[in-house]
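Trainee: One file is attached below, final-v6.txt, containing compact mmCIF, C-alpha atoms.
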# COMPACT_ATOMS: atom_id res chain seq x y z
CA MET A 1 0.00 0.00 0.00
CA LEU A 2 1.29 3.43 -0.96
CA LEU A 3 0.23 6.36 1.21
CA THR A 4 1.06 10.04 1.02
CA ILE A 5 2.64 11.33 4.22
CA GLU A 6 4.06 14.86 4.39
CA ASN A 7 3.61 15.10 0.59
CA THR A 8 5.90 12.09 0.14
CA ALA A 9 5.20 8.49 -0.84
CA ALA A 10 5.20 6.09 2.11
CA TYR A 11 5.06 2.31 1.70
CA CYS A 12 3.24 -0.10 3.99
CA TYR A 13 3.22 -3.86 3.43
CA THR A 14 -0.27 -5.25 4.12
CA GLY A 15 0.41 -8.99 4.11
CA GLY A 16 -1.45 -9.38 0.83
CA LYS A 17 -4.82 -8.25 2.19
CA ALA A 18 -6.80 -5.07 1.57
CA PHE A 19 -7.51 -2.78 4.52
CA ASN A 20 -10.81 -3.69 6.20
CA PRO A 21 -12.22 -1.01 8.56
CA SER A 22 -14.13 -3.64 10.54
CA GLN A 23 -10.92 -5.42 11.60
CA PRO A 24 -8.33 -4.42 14.21
CA THR A 25 -5.08 -2.97 12.87
CA ALA A 26 -1.49 -3.88 13.70
CA VAL A 27 1.36 -1.53 12.75
CA PHE A 28 4.81 -3.12 12.51
CA ILE A 29 7.80 -0.74 12.87
CA HIS A 30 11.27 -1.92 11.90
CA GLY A 31 14.62 -1.02 13.43
CA ALA A 32 17.75 0.72 12.18
CA GLN A 33 18.81 0.18 8.54
CA ASN A 34 15.92 -2.22 7.97
CA ASP A 35 12.54 -2.23 6.24
CA HIS A 36 9.17 -3.99 6.44
CA SER A 37 10.61 -7.32 5.27
CA VAL A 38 12.05 -8.16 8.71
CA TRP A 39 8.44 -8.94 9.74
CA ALA A 40 7.76 -11.33 6.84
CA LEU A 41 6.36 -14.30 8.77
CA GLN A 42 4.56 -12.34 11.47
CA THR A 43 2.81 -9.91 9.13
CA ARG A 44 1.52 -12.58 6.76
CA TYR A 45 0.02 -14.51 9.64
CA PHE A 46 -1.68 -11.48 11.17
CA ALA A 47 -3.06 -10.43 7.78
CA HIS A 48 -4.60 -13.84 7.15
CA HIS A 49 -6.03 -14.20 10.65
CA GLY A 50 -8.34 -11.24 11.05
CA TRP A 51 -6.02 -8.24 11.29
CA ASN A 52 -5.20 -5.29 9.08
CA VAL A 53 -1.43 -5.07 8.71
CA LEU A 54 0.57 -1.91 8.10
CA ALA A 55 4.24 -2.89 8.07
CA VAL A 56 5.91 0.41 7.33
CA ASP A 57 9.09 1.36 5.57
CA LEU A 58 10.19 4.38 7.59
CA PRO A 59 11.10 7.55 5.63
CA GLY A 60 14.26 7.05 3.58
CA HIS A 61 14.12 3.26 4.07
CA GLY A 62 13.04 0.64 1.55
CA ARG A 63 10.22 1.86 -0.67
CA SER A 64 9.35 4.97 1.35
CA LEU A 65 10.76 8.14 -0.13
CA GLY A 66 11.94 11.24 1.67
CA THR A 67 14.76 11.88 4.09
CA ALA A 68 15.45 9.57 7.02
CA LYS A 69 14.50 11.28 10.28
CA ASP A 70 16.97 11.58 13.15
CA ASN A 71 14.36 12.24 15.83
CA VAL A 72 12.20 9.59 17.50
CA ALA A 73 9.38 12.03 18.24
CA GLU A 74 9.20 13.04 14.57
CA LEU A 75 9.10 9.38 13.57
CA ALA A 76 6.31 8.75 16.10
CA ARG A 77 4.28 11.59 14.61
CA TRP A 78 4.93 10.07 11.17
CA ILE A 79 3.48 6.75 12.39
CA LEU A 80 0.37 8.56 13.63
CA ALA A 81 0.10 10.20 10.20
CA VAL A 82 0.21 6.71 8.66
CA LEU A 83 -2.81 5.75 10.79
CA ASP A 84 -4.63 8.85 9.58
CA ALA A 85 -3.81 8.18 5.92
CA ALA A 86 -4.84 4.52 6.16
CA GLY A 87 -8.07 5.32 7.97
CA ALA A 88 -7.22 3.51 11.22
CA ALA A 89 -8.57 5.21 14.33
CA ARG A 90 -6.60 2.93 16.67
CA ALA A 91 -3.94 0.29 16.26
CA MET A 92 -1.68 -2.13 18.02
CA LEU A 93 1.89 -0.84 17.65
CA ILE A 94 4.65 -3.43 17.31
CA GLY A 95 8.21 -2.12 17.21
CA HIS A 96 11.65 -3.70 17.08
CA SER A 97 14.72 -1.95 18.52
CA MET A 98 14.58 1.64 17.19
CA GLY A 99 11.02 0.86 16.13
CA SER A 100 10.11 0.06 19.73
CA LEU A 101 11.14 3.56 20.81
CA ILE A 102 9.00 5.00 18.00
CA ALA A 103 6.03 2.91 19.14
CA LEU A 104 6.56 3.97 22.75
CA GLU A 105 6.71 7.66 21.83
CA ALA A 106 3.59 7.35 19.66
CA ALA A 107 1.75 5.83 22.63
CA TYR A 108 2.88 8.80 24.71
CA LEU A 109 1.85 11.39 22.11
CA ALA A 110 -1.54 9.86 21.31
CA PRO A 111 -2.55 7.22 23.87
CA GLU A 112 -6.09 7.16 22.50
CA ARG A 113 -4.75 5.90 19.16
CA VAL A 114 -2.81 2.93 20.60
CA SER A 115 -4.87 -0.09 21.62
CA HIS A 116 -1.89 -2.13 22.78
CA LEU A 117 1.88 -2.05 22.57
CA ALA A 118 4.54 -4.66 21.76
CA MET A 119 8.21 -3.80 22.22
CA LEU A 120 10.80 -6.25 20.84
CA GLY A 121 14.56 -6.04 21.36
CA SER A 122 14.01 -2.82 23.27
CA THR A 123 15.84 -0.91 25.97
CA TYR A 124 16.06 2.60 27.35
CA PRO A 125 18.18 4.58 27.20
CA MET A 126 19.20 3.11 23.83
CA LYS A 127 22.71 4.52 23.79
CA VAL A 128 25.05 3.92 20.84
CA SER A 129 28.80 4.00 21.42
CA PRO A 130 30.68 6.98 19.91
CA ALA A 131 32.87 4.52 18.02
CA LEU A 132 29.88 2.88 16.32
CA LEU A 133 28.30 6.25 15.53
CA GLU A 134 31.53 7.39 13.91
CA THR A 135 31.95 4.13 11.99
CA ALA A 136 28.39 4.34 10.67
CA LEU A 137 29.23 7.79 9.32
CA GLN A 138 32.70 7.09 7.94
CA ASP A 139 32.59 3.40 6.96
CA GLU A 140 29.01 2.16 6.68
CA GLN A 141 29.94 -1.33 5.53
CA ALA A 142 32.14 -1.83 8.58
CA ALA A 143 29.26 -0.68 10.80
CA ILE A 144 26.92 -3.09 9.05
CA ASP A 145 29.30 -5.99 9.66
CA MET A 146 29.83 -5.05 13.30
CA VAL A 147 26.11 -4.78 14.05
CA ASN A 148 25.30 -7.91 12.08
CA ILE A 149 27.70 -9.98 14.19
CA TRP A 150 26.46 -8.50 17.46
CA SER A 151 22.79 -8.97 16.48
CA HIS A 152 22.89 -12.74 16.02
CA SER A 153 23.40 -15.41 18.64
CA SER A 154 25.22 -17.70 16.21
CA ILE A 155 26.71 -17.56 12.73
CA ALA A 156 24.77 -20.72 11.85
CA GLN A 157 21.18 -21.12 12.99
CA LYS A 158 19.28 -24.37 13.07
CA PRO A 159 18.58 -26.22 9.78
CA SER A 160 15.50 -25.19 7.80
CA PHE A 161 15.41 -21.91 9.67
CA PRO A 162 12.96 -20.44 8.99
CA GLY A 163 12.97 -22.35 5.70
CA PRO A 164 15.39 -24.55 3.73
CA GLY A 165 18.34 -22.59 2.36
CA PHE A 166 17.68 -19.51 4.49
CA TYR A 167 20.73 -17.90 6.13
CA ALA A 168 19.67 -15.43 8.81
CA MET A 169 22.97 -13.60 9.20
CA GLY A 170 23.52 -13.34 5.44
CA GLY A 171 19.98 -12.10 4.86
CA ALA A 172 20.29 -9.39 7.50
CA ARG A 173 23.60 -8.23 6.04
CA ARG A 174 22.22 -8.00 2.52
CA LEU A 175 19.15 -6.08 3.69
CA LYS A 176 21.31 -3.45 5.40
CA GLN A 177 23.48 -3.22 2.30
CA ARG A 178 20.37 -2.76 0.17
CA ILE A 179 19.12 0.10 2.35
CA ALA A 180 22.54 1.72 2.04
CA ALA A 181 22.44 1.35 -1.75
CA LEU A 182 18.91 2.75 -2.03
CA ASN A 183 19.71 5.76 0.12
CA PRO A 184 23.39 6.73 0.32
CA ALA A 185 22.70 9.54 2.83
CA HIS A 186 24.17 7.64 5.83
CA VAL A 187 20.83 6.18 6.97
CA PHE A 188 22.55 3.90 9.49
CA HIS A 189 24.15 6.88 11.22
CA THR A 190 20.86 8.79 11.14
CA ASP A 191 19.02 5.88 12.76
CA PHE A 192 21.68 5.40 15.43
CA PHE A 193 21.69 9.12 16.15
CA ALA A 194 17.91 9.01 16.71
CA CYS A 195 18.23 6.09 19.15
CA ASN A 196 21.14 7.67 21.00
CA ALA A 197 19.45 11.08 21.33
CA TYR A 198 16.02 9.89 22.46
CA ALA A 199 15.53 11.20 26.01
CA ASN A 200 11.79 10.84 26.67
CA GLY A 201 11.63 7.10 27.23
CA GLU A 202 11.16 7.07 30.99
CA ILE A 203 8.41 9.68 30.88
CA ALA A 204 6.75 7.97 27.93
CA ALA A 205 6.90 4.55 29.60
CA ALA A 206 5.37 5.87 32.81
CA SER A 207 2.42 7.17 30.78
CA VAL A 208 1.60 3.82 29.16
CA HIS A 209 -1.61 2.24 30.42
CA CYS A 210 -2.58 0.07 27.46
CA PRO A 211 -1.80 -3.69 27.44
CA THR A 212 1.92 -4.15 26.78
CA VAL A 213 4.26 -7.03 26.00
CA PHE A 214 8.04 -7.05 25.92
CA ILE A 215 9.72 -9.72 23.80
CA PHE A 216 13.46 -10.04 24.42
CA GLY A 217 16.21 -12.23 23.02
CA ALA A 218 17.86 -14.13 25.85
CA ARG A 219 21.24 -13.82 24.08
CA ASP A 220 20.81 -10.27 22.78
CA MET A 221 24.10 -8.33 22.88
CA MET A 222 22.68 -5.12 21.36
CA THR A 223 19.92 -4.62 23.94
CA PRO A 224 20.77 -7.21 26.61
CA PRO A 225 17.98 -8.33 28.94
CA LYS A 226 19.71 -6.81 32.00
CA SER A 227 19.47 -3.37 30.36
CA THR A 228 15.69 -3.50 30.10
CA ARG A 229 14.84 -3.06 33.78
CA LEU A 230 13.98 0.62 33.55
CA LEU A 231 11.37 -0.03 30.85
CA THR A 232 9.86 -3.10 32.47
CA ALA A 233 9.68 -1.34 35.84
CA ALA A 234 8.06 1.77 34.34
CA ILE A 235 5.46 -0.36 32.53
CA ALA A 236 4.94 -2.72 35.42
CA HIS A 237 1.74 -4.19 33.98
CA GLY A 238 3.63 -5.36 30.88
CA THR A 239 4.23 -9.04 30.20
CA VAL A 240 7.80 -10.18 29.51
CA VAL A 241 8.55 -12.98 27.06
CA GLN A 242 12.06 -14.26 26.35
CA VAL A 243 13.04 -16.24 23.27
CA ASP A 244 16.29 -18.06 22.56
CA SER A 245 17.88 -15.60 20.17
CA GLY A 246 20.02 -12.54 19.71
CA HIS A 247 18.80 -9.10 18.68
CA GLU A 248 17.41 -10.27 15.32
CA LEU A 249 14.75 -12.27 17.12
CA MET A 250 12.08 -12.11 14.37
CA ALA A 251 14.46 -14.01 12.07
CA GLU A 252 16.24 -16.23 14.58
CA GLN A 253 13.04 -17.35 16.33
CA PRO A 254 10.23 -16.43 13.91
CA ASP A 255 7.68 -18.92 15.22
CA ALA A 256 8.28 -18.13 18.89
CA VAL A 257 7.98 -14.40 18.20
CA LEU A 258 4.81 -14.92 16.18
CA ASP A 259 3.26 -17.11 18.86
CA ALA A 260 3.99 -14.52 21.56
CA LEU A 261 2.76 -11.60 19.46
CA PHE A 262 -0.44 -13.20 18.25
CA ALA A 263 -1.39 -14.62 21.65
CA PHE A 264 -0.89 -11.17 23.17
CA ALA A 265 -2.80 -9.47 20.35
CA GLN A 266 -5.79 -11.76 20.72
CA THR A 267 -5.87 -11.57 24.52
CA ALA A 268 -5.45 -7.80 24.62
CA ALA A 269 -8.05 -7.25 21.89
CA ALA A 270 -10.55 -9.43 23.76
Can you turn what I pasted into C-alpha cells?

Mentor:
Amino acid sequence: MLLTIENTAAYCYTGGKAFNPSQPTAVFIHGAQNDHSVWALQTRYFAHHGWNVLAVDLPGHGRSLGTAKDNVAELARWILAVLDAAGAARAMLIGHSMGSLIALEAAYLAPERVSHLAMLGSTYPMKVSPALLETALQDEQAAIDMVNIWSHSSIAQKPSFPGPGFYAMGGARRLKQRIAALNPAHVFHTDFFACNAYANGEIAAASVHCPTVFIFGARDMMTPPKSTRLLTAAIAHGTVVQVDSGHELMAEQPDAVLDALFAFAQTAAA
C-alpha cells in the first residue's frame, strides 16, 4: 500500500490483504537500517487471521521516499500520520529496537490511538557507542558488519530456519546493504543518532496504560535483557517474554515471536 505522508510516498506492506475497517489494525515498525521485510512471517500470519497489517518502511528506508529522520518524536508523529492516511482510528503498535522507541513515543503522544503495545529487542536509554556512531558515518559497511555480528546469537542457525536454504545472518547483512544502496545519505548513522538522542523514554513509559508485552532475546548483545529493567519497571503491567535468540529475534526465532505476538494481540483485543 502506498500512502502520502508529508507530501511524500510512504510504503506499507499489508500482508497481501486489503484494509478492512471492521478489523483491528497492527502496525509493525522496523529497526535501524531495515525495512518492512524483517516482519515477513509475522505480518503474513496477522493479515490472514483477522487483522489489518501496516508494516511500514520508515522515511528514507526501503520503498518509502523522503529523508530519514533523526528524531524519535518526529518518527512517532509520522506513524500517527500513517494511521490517519490509512483510515485507522486505533492500532496495536509493534516495534523492534529503534522501532520500539518510536512505538513507545507514539503511545505517549496519542494514547487514545494505541490499543496495545509490543516492544521487541528494546531498551532505554538506547545509547550507541561513539565509536559505532563514527563508523556508521565514515565506513558504513564496517558498521553493518559489526552490528550484524552482534545482532545474532550464532553464525549458523538451526537447519530449515525459517525455511530450507535460508541464512539469517547473510539475509540481514544484505538487507542493510540494500538500504545503504537505495539511500546513500548515511541512513545507518541517522538511525543510530535518533536512538542515541532519544531522552523521553522514561516519561513515555510511565504514561503507558494500554496492554503491553516485551519480547526479548535471551542472548541479545545489542539490547541485553539486563538493560531492560527501567522499561519493564516503568510499565509494570507489561508481560515479559524471552526467546532463545540474539537481537534479530524475528528471524532467529520467527515462530516463537509470532506465537507470543499473536497470543498477546488476541488476549489484549478481547

Trainee: Kindly provide, as a PyMOL selection string, the polymer residues lying within 7 Å of (0.1, -9.4, 7.9), counting only C-alpha atoms and using the coordinates exactly as they appear in the file.

Mentor: chain A and resi 14-15+42-48+52-53

Trainee: Quick one: distance from atom CA of Cys210 of chain A to atom CA of Leu3 of chain A in Å, one decimal?

Mentor: 27.1 Å

Trainee: Hey, could you pull the box centre and edge lengths for segment 236-248 of chain A, axis-aligned, 6 Å padding per side, all listed atoms, to one decimal in Å, as lines of an AutoDock Vina configuration file?

Mentor:
center_x = 10.9
center_y = -10.4
center_z = 25.4
size_x = 30.3
size_y = 27.3
size_z = 32.1

Trainee: Do you know which residues are at most 12 Å from Gln266 of chain A counting all atoms listed in the file, after dropping those on the same chain fewer than 5 positions away, and could you put them as an mmCIF file with C-alpha atoms, in the coordinates of the input?

Mentor:
data_model
loop_
_atom_site.group_PDB
_atom_site.id
_atom_site.type_symbol
_atom_site.label_atom_id
_atom_site.label_comp_id
_atom_site.auth_asym_id
_atom_site.auth_seq_id
_atom_site.Cartn_x
_atom_site.Cartn_y
_atom_site.Cartn_z
ATOM 1 C CA PRO A 24 -8.330 -4.420 14.210
ATOM 2 C CA THR A 25 -5.080 -2.970 12.870
ATOM 3 C CA ALA A 26 -1.490 -3.880 13.700
ATOM 4 C CA PHE A 46 -1.680 -11.480 11.170
ATOM 5 C CA HIS A 49 -6.030 -14.200 10.650
ATOM 6 C CA GLY A 50 -8.340 -11.240 11.050
ATOM 7 C CA TRP A 51 -6.020 -8.240 11.290
ATOM 8 C CA MET A 92 -1.680 -2.130 18.020
ATOM 9 C CA SER A 115 -4.870 -0.090 21.620
ATOM 10 C CA HIS A 116 -1.890 -2.130 22.780
ATOM 11 C CA PRO A 211 -1.800 -3.690 27.440
ATOM 12 C CA LEU A 258 4.810 -14.920 16.180
ATOM 13 C CA ASP A 259 3.260 -17.110 18.860
ATOM 14 C CA ALA A 260 3.990 -14.520 21.560
ATOM 15 C CA LEU A 261 2.760 -11.600 19.460
#

Trainee: I want to know what sits within 7 Å of Ala206 of chain A, based on all atoms listed in the file, with residues of the same chain fewer than 4 positions away left out; could you give that as a VMD selection string?

Mentor: chain A and resid 202 234 to 235

Trainee: Show me, as a list in words, the residues that have an atom within 10 Å of Met169 of chain A when counting only C-alpha atoms, minus same-chain residues fewer than 4 positions from it.

Mentor: Asp145, Asn148, Ile149, Ser151, His152, Ser153, Ser154, Ile155, Ala156, Gln157, Arg173, Arg174, Glu248, Ala251 and Glu252 of chain A

Trainee: How about saving the chosen residues, C-alpha atoms kept, as a PDB file, in the coordinates of the input?

Mentor:
ATOM      1  CA  ASP A 145      29.300  -5.990   9.660  1.00  0.00           C
ATOM      2  CA  ASN A 148      25.300  -7.910  12.080  1.00  0.00           C
ATOM      3  CA  ILE A 149      27.700  -9.980  14.190  1.00  0.00           C
ATOM      4  CA  SER A 151      22.790  -8.970  16.480  1.00  0.00           C
ATOM      5  CA  HIS A 152      22.890 -12.740  16.020  1.00  0.00           C
ATOM      6  CA  SER A 153      23.400 -15.410  18.640  1.00  0.00           C
ATOM      7  CA  SER A 154      25.220 -17.700  16.210  1.00  0.00           C
ATOM      8  CA  ILE A 155      26.710 -17.560  12.730  1.00  0.00           C
ATOM      9  CA  ALA A 156      24.770 -20.720  11.850  1.00  0.00           C
ATOM     10  CA  GLN A 157      21.180 -21.120  12.990  1.00  0.00           C
ATOM     11  CA  ARG A 173      23.600  -8.230   6.040  1.00  0.00           C
ATOM     12  CA  ARG A 174      22.220  -8.000   2.520  1.00  0.00           C
ATOM     13  CA  GLU A 248      17.410 -10.270  15.320  1.00  0.00           C
ATOM     14  CA  ALA A 251      14.460 -14.010  12.070  1.00  0.00           C
ATOM     15  CA  GLU A 252      16.240 -16.230  14.580  1.00  0.00           C
TER      16      GLU A 252
END

Trainee: Using Å and a single decimal, report how far atom CA of Leu133 of chain A sits from atom CA of Leu117 of chain A.

Mentor: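 Calculated distance between atom CA of Leu117 of chain A and atom CA of Leu133 of chain A is 28.6 Å.
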
Trainee: Name the residues in contact with Ala194 of chain A at a cut-off of 7 Å, using all atoms listed in the file, excluding same-chain residues fewer than 6 positions from it; report them as a list of chain:residue names.

Mentor: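 The residues satisfying every condition are A:Asp70, A:Asn71, A:Val72.
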
Trainee: For atom CA of Asp244 of chain A and atom CA of Met119 of chain A, quote the distance in Å rounded to one decimal.

Mentor: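 Atom-to-atom, atom CA of Asp244 of chain A and atom CA of Met119 of chain A are spaced 16.4 Å apart.
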
Trainee: Under the rule that only C-alpha atoms are counted, which of A:Arg113, A:His30, A:Asn200, A:Leu120 is the nearest residue to Asp84 of chain A?

Mentor: A:Arg113

Trainee: Using only C-alpha atoms, find the one residue out of A:Ala103, A:Ile215, A:Val114, A:Ala89 that sits nearest to Met250 of chain A.

Mentor: A:Ile215

Trainee: Taking all atoms listed in the file into account, name the residue in A:Ala205, A:Ile144, A:Ala168, A:Leu230 that is nearest to Phe192 of chain A.

Mentor: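 Closest residue, counting all atoms listed in the file: A:Ile144.
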
Trainee: Counting only C-alpha atoms, what is within 10 Å of Leu58 of chain A, bar same-chain residues fewer than 3 positions away, as a ChimeraX atom specification?

Mentor: /A:10-12,29-36,55,61-69,75,78-79,99

Trainee: For a quick check of understanding, using all atoms listed in the file, which of A:Trp150, A:Phe193, A:Phe19, A:Tyr198 has the smallest distance to Ala76 of chain A?

Mentor: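 The closest residue to Ala76 of chain A is A:Tyr198.
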
Trainee: Let me make sure I understand: among A:Glu105, A:Thr8, A:Val213, A:Ala218, which one has the smallest atom-to-atom distance to Val240 of chain A if we use all atoms listed in the file?

Mentor: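 Looking at the shortest contact to Val240 of chain A, the residue is A:Val213.
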